[in-house]
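Read the structure below first, then the notes.
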Amino acid sequence: MAPAKKRNVSSAKTTEQSVKTAKIDLNTKVESILESRKNANDVFDILEILQSAKEKDVVNAVNACSKLFCTLLEKKELFLGKLPGEEEALSGGYSAEEKYRMFMRHRYNSCVEMLLEHLSHELHGVKESALCCLMKFAAGEGQHPLEDLDWSEHYSFPRELIQAVVKRLLSKTTDNSLMISRFQEFLEMEDVRYYVMSSIRENVGKVMDKNKGALDPIYQNNVFTLMSNISVPSQESELTNFMVKQEAKHDDWKVAKLNEHKRVFERMWLGFLKYKLPSNMYKKILVILHDCILPHMSKPTLMIDFLTAAYEVGGAISLLALNGLFVLIHQHNLDYPDFYKKLYNLLEPSVFHVKYRARFFHLANLFLSSSHLPVYLVAAFAKRLARLALTAPPTALVIVLPFIYNLIRRHPSCRVLIHKPSTEDEPLEDPYLMDEEDPAKCRALESSLWEIKTLQKHYHPDVAKAAMSINTPLSEKEDDISEVLEITTYELMERDLKQSQTKSVPLEFETATQLLKGGANVLGQHFCLD
């Protein structure tokens, strides 16, 4: 065993030494290229290692390329303007200086292509180093543009390179969530974020039109992940972190204006949402829509069509669309004629079991808080909730009962649902029509809340106690339902178990010393163990 162990150690040392040697060799080559143009051909060796199968070799080569070409960009030793082909560069009447710059520019372009390919590499370390290197090149191109223009009249930014990076991040075959989270660091720069948003919109349009609008879950998930990582500042004074500074004319640059950011942000999202999406993607978007998308749009009302369409879908998607509609109705005066009718029809047994139950009841409480709502509408909601309460779990009932009481408090005319003539001696059929979709035609005002009386016999003490509140006049102060919106079955049980014992439990006054003995031996007189 000992010799084998020695061989393992020696092989490990050899590998480590070879990596160090390769790293030193690469650094030496970079320094020799930068010191003398005679060593320009050494760049081929670096690019060859860049295509190695070993992760450490590739990462070292990426670092070497970063150092080499960033320095060449700073020294302005790469050819500017439209680049001639390599054969034309050699045969044309160019000076030695121009030929060298063309040669290095071609090598730079080859390096960029390889790094873009590495963004799809199977090893995350390679992908991450390639991404960081490409963004360093972008910063270098921004400060030292490769286009031959009069920069006193134009704004410099490496749009093409950013577009190429975005195209690779929005893969159709690989989930790039991890890479996109790494890319988020660069999205904090205002100009990078602006041109990334423009690139996303163009990319989505091309890909989805090519697919004829068909679902592409991996691609659409990558797009959503990247877009959901983008947030626009709330004030123009916050636009301070730029990768490329435009010197004297910076303030006139559209990237330095908040309204332009909001406009591009809006076009990006609208361009994505106009195509068919997977149902789980609808849910993800609707969860963040009211908080992360609408506030950053220049015209939030443009989302009306998307939200109303989502509201008509039904189920959990309709519940989630409520948040966005609430923002548009209250802040942007959206008129939605059948809104309350649709809200009424969302009240189904499943609403007590969905993940978004707390959010739904919070919003429903806000929508039904107005004292200007017609009595028939409020009575319909109260009656429908009471009927659903008969089969609801205790965690839902501790929300529903206070919810109904609050509706009656806000609308005293609904007290008729409680104060009905006594009909204990004669059975009556409930006139309320549970299957009626229109709350105006469900005849709720002709009925009563007998369901709450039934719940007074509920097996759970908290529910029975809450149902008993209807026997006494309701106080004017509303119940705060926010405390119970998120309550779980576990919490409900824990709360019951932790309650302090108010009454003393009667115990035997004479301690038992043996089985069937004790308490004046009453058990021993009537029973025996034989």
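By convention in this document, the chains of the structure tokens carry letters A, B, ... by their order, each chain's residues are numbered from 1, and ligands are numbered from 1 in the order they are shown.
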**Surrounding residues of Lys136 of chain A excluding itself and chain neighbours under 2 positions, 10 Å, only C-alpha atoms, as JSON, numbers by chain** = {"A": [66, 67, 69, 70, 130, 131, 132, 133, 134, 138, 139, 140, 141, 142, 243]}
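Near Val255 of chain A, within a cut-off of 10 Å and counting only C-alpha atoms, sit the residues Glu190, Asp191, Val192, Arg193, Tyr194, Tyr195, Leu239, Phe242, His250, Glu260 and His261 of chain A, with same-chain residues fewer than 5 positions away left out.
Taking only C-alpha atoms, the non-local environment of Glu88 of chain A within 12 Å (same-chain residues fewer than 4 positions away omitted) comprises Leu83, Pro84, Gly92, Gly93, Tyr94, Lys99, Met102 and Phe103 of chain A.
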Save the residues we just selected, N, CA, C and O atoms, as a compact mmCIF listing (two decimals), in the first residue's frame?
```txt
# COMPACT_ATOMS: atom_id res chain seq x y z
N LEU A 83 -12.88 45.96 -40.26
CA LEU A 83 -11.67 45.12 -40.30
C LEU A 83 -11.60 44.35 -41.62
O LEU A 83 -12.51 43.57 -41.94
N PRO A 84 -10.50 44.53 -42.42
CA PRO A 84 -10.34 43.74 -43.64
C PRO A 84 -10.07 42.27 -43.31
O PRO A 84 -9.63 41.95 -42.20
N GLY A 92 -2.69 43.60 -49.15
CA GLY A 92 -2.96 45.02 -49.42
C GLY A 92 -1.76 45.89 -49.09
O GLY A 92 -0.79 45.47 -48.45
N GLY A 93 -1.85 47.12 -49.54
CA GLY A 93 -0.74 48.05 -49.32
C GLY A 93 -0.81 48.72 -47.96
O GLY A 93 -0.96 49.95 -47.88
N TYR A 94 -0.75 47.91 -46.90
CA TYR A 94 -0.81 48.45 -45.54
C TYR A 94 0.59 48.50 -44.93
O TYR A 94 1.46 47.69 -45.28
N LYS A 99 -0.69 46.38 -40.30
CA LYS A 99 -0.80 44.92 -40.39
C LYS A 99 -0.79 44.27 -39.00
O LYS A 99 -1.53 43.33 -38.74
N MET A 102 -4.16 44.90 -37.36
CA MET A 102 -5.18 44.03 -37.97
C MET A 102 -5.03 42.60 -37.46
O MET A 102 -6.01 41.92 -37.15
N PHE A 103 -3.76 42.13 -37.39
CA PHE A 103 -3.49 40.78 -36.91
C PHE A 103 -4.02 40.59 -35.48
O PHE A 103 -4.72 39.62 -35.17
```
**Prompt:** Within 9 Å of segment 111-115 of chain A, counting only C-alpha atoms, which residues qualify if same-chain residues fewer than 5 places away don't, as a list in words?
**Reply:** Leu47, Leu50, Gln51, Val62, Cys65, His106, Lys127, Ser129, Ala130, Leu131, Cys133, Leu134, Phe137 and Leu161 of chain A
Residues of segment 429-448 of chain A at most 9 Å from segment 337-349 of chain A: nearest atom pair and distance in Å, only C-alpha atoms, as a Markdown table:
```
| residue | atom | partner | partner_atom | distance |
| --- | --- | --- | --- | --- |
| A:Glu437 | CA | A:Asn345 | CA | 6.2 |
| A:Asp438 | CA | A:Lys341 | CA | 6.1 |
| A:Pro439 | CA | A:Lys341 | CA | 6.5 |
| A:Ala440 | CA | A:Lys341 | CA | 8.9 |
```
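Close contacts of His458 of chain A, defined as residues with an atom at most 12 Å away when counting only C-alpha atoms, with chain neighbours fewer than 3 positions off set aside, comprise Ala389, Leu390, Thr391, Ala392, Pro393, Pro394, Leu397, Val398, Glu451, Ile452, Lys453, Thr454, Leu455, Pro461, Asp462, Val463, Ala464, Lys465, Ala466, Ala467 and Met468 of chain A.
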I need the chosen residues saved as a PDB file, in the first residue's frame, with N, CA and C atoms.
```pdb
ATOM      1  N   ALA A 389     -68.072  27.857   4.272  1.00  0.00           N
ATOM      2  CA  ALA A 389     -67.481  27.605   5.595  1.00  0.00           C
ATOM      3  C   ALA A 389     -67.890  26.250   6.159  1.00  0.00           C
ATOM      4  N   LEU A 390     -69.004  25.703   5.686  1.00  0.00           N
ATOM      5  CA  LEU A 390     -69.488  24.419   6.204  1.00  0.00           C
ATOM      6  C   LEU A 390     -68.490  23.289   5.945  1.00  0.00           C
ATOM      7  N   THR A 391     -67.700  23.417   4.893  1.00  0.00           N
ATOM      8  CA  THR A 391     -66.743  22.346   4.547  1.00  0.00           C
ATOM      9  C   THR A 391     -65.298  22.832   4.594  1.00  0.00           C
ATOM     10  N   ALA A 392     -65.066  24.025   5.122  1.00  0.00           N
ATOM     11  CA  ALA A 392     -63.712  24.599   5.150  1.00  0.00           C
ATOM     12  C   ALA A 392     -62.915  24.070   6.339  1.00  0.00           C
ATOM     13  N   PRO A 393     -61.595  24.023   6.240  1.00  0.00           N
ATOM     14  CA  PRO A 393     -60.747  23.586   7.365  1.00  0.00           C
ATOM     15  C   PRO A 393     -60.704  24.671   8.447  1.00  0.00           C
ATOM     16  N   PRO A 394     -60.356  24.312   9.674  1.00  0.00           N
ATOM     17  CA  PRO A 394     -60.320  25.297  10.770  1.00  0.00           C
ATOM     18  C   PRO A 394     -59.429  26.498  10.490  1.00  0.00           C
ATOM     19  N   LEU A 397     -61.476  28.816   8.549  1.00  0.00           N
ATOM     20  CA  LEU A 397     -62.642  29.324   9.283  1.00  0.00           C
ATOM     21  C   LEU A 397     -62.276  30.462  10.232  1.00  0.00           C
ATOM     22  N   VAL A 398     -61.077  30.424  10.801  1.00  0.00           N
ATOM     23  CA  VAL A 398     -60.684  31.519  11.695  1.00  0.00           C
ATOM     24  C   VAL A 398     -60.448  32.814  10.909  1.00  0.00           C
ATOM     25  N   GLU A 451     -75.680  29.017   8.532  1.00  0.00           N
ATOM     26  CA  GLU A 451     -74.453  28.209   8.524  1.00  0.00           C
ATOM     27  C   GLU A 451     -73.569  28.531   9.741  1.00  0.00           C
ATOM     28  N   ILE A 452     -73.559  29.818  10.136  1.00  0.00           N
ATOM     29  CA  ILE A 452     -72.736  30.202  11.293  1.00  0.00           C
ATOM     30  C   ILE A 452     -73.306  29.588  12.569  1.00  0.00           C
ATOM     31  N   LYS A 453     -74.630  29.510  12.645  1.00  0.00           N
ATOM     32  CA  LYS A 453     -75.272  28.857  13.800  1.00  0.00           C
ATOM     33  C   LYS A 453     -74.850  27.380  13.846  1.00  0.00           C
ATOM     34  N   THR A 454     -74.768  26.773  12.686  1.00  0.00           N
ATOM     35  CA  THR A 454     -74.334  25.371  12.608  1.00  0.00           C
ATOM     36  C   THR A 454     -72.897  25.209  13.085  1.00  0.00           C
ATOM     37  N   LEU A 455     -72.052  26.170  12.739  1.00  0.00           N
ATOM     38  CA  LEU A 455     -70.632  26.090  13.115  1.00  0.00           C
ATOM     39  C   LEU A 455     -70.403  26.254  14.617  1.00  0.00           C
ATOM     40  N   PRO A 461     -62.513  24.105  19.023  1.00  0.00           N
ATOM     41  CA  PRO A 461     -63.014  25.100  19.980  1.00  0.00           C
ATOM     42  C   PRO A 461     -62.878  26.543  19.503  1.00  0.00           C
ATOM     43  N   ASP A 462     -61.804  26.858  18.771  1.00  0.00           N
ATOM     44  CA  ASP A 462     -61.624  28.233  18.287  1.00  0.00           C
ATOM     45  C   ASP A 462     -62.712  28.613  17.290  1.00  0.00           C
ATOM     46  N   VAL A 463     -63.089  27.663  16.436  1.00  0.00           N
ATOM     47  CA  VAL A 463     -64.139  27.912  15.445  1.00  0.00           C
ATOM     48  C   VAL A 463     -65.491  28.074  16.148  1.00  0.00           C
ATOM     49  N   ALA A 464     -65.775  27.154  17.057  1.00  0.00           N
ATOM     50  CA  ALA A 464     -67.058  27.223  17.786  1.00  0.00           C
ATOM     51  C   ALA A 464     -67.172  28.540  18.557  1.00  0.00           C
ATOM     52  N   LYS A 465     -66.076  28.957  19.164  1.00  0.00           N
ATOM     53  CA  LYS A 465     -66.081  30.209  19.930  1.00  0.00           C
ATOM     54  C   LYS A 465     -66.323  31.406  19.010  1.00  0.00           C
ATOM     55  N   ALA A 466     -65.652  31.406  17.835  1.00  0.00           N
ATOM     56  CA  ALA A 466     -65.839  32.497  16.875  1.00  0.00           C
ATOM     57  C   ALA A 466     -67.263  32.534  16.345  1.00  0.00           C
ATOM     58  N   ALA A 467     -67.857  31.359  16.135  1.00  0.00           N
ATOM     59  CA  ALA A 467     -69.241  31.296  15.636  1.00  0.00           C
ATOM     60  C   ALA A 467     -70.240  31.773  16.691  1.00  0.00           C
ATOM     61  N   MET A 468     -69.906  31.634  17.955  1.00  0.00           N
ATOM     62  CA  MET A 468     -70.797  32.063  19.037  1.00  0.00           C
ATOM     63  C   MET A 468     -70.936  33.587  19.096  1.00  0.00           C
TER      64      MET A 468
END
```
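Taking atom CA of Lys54 of chain A and atom CA of Lys29 of chain A as the two end points, the separation is 19.4 Å.
The nearest approach to Phe306 of chain A among the residues A:Leu322, A:Lys274, A:Val264, A:Arg410, with only C-alpha atoms taken into account, belongs to A:Lys274.
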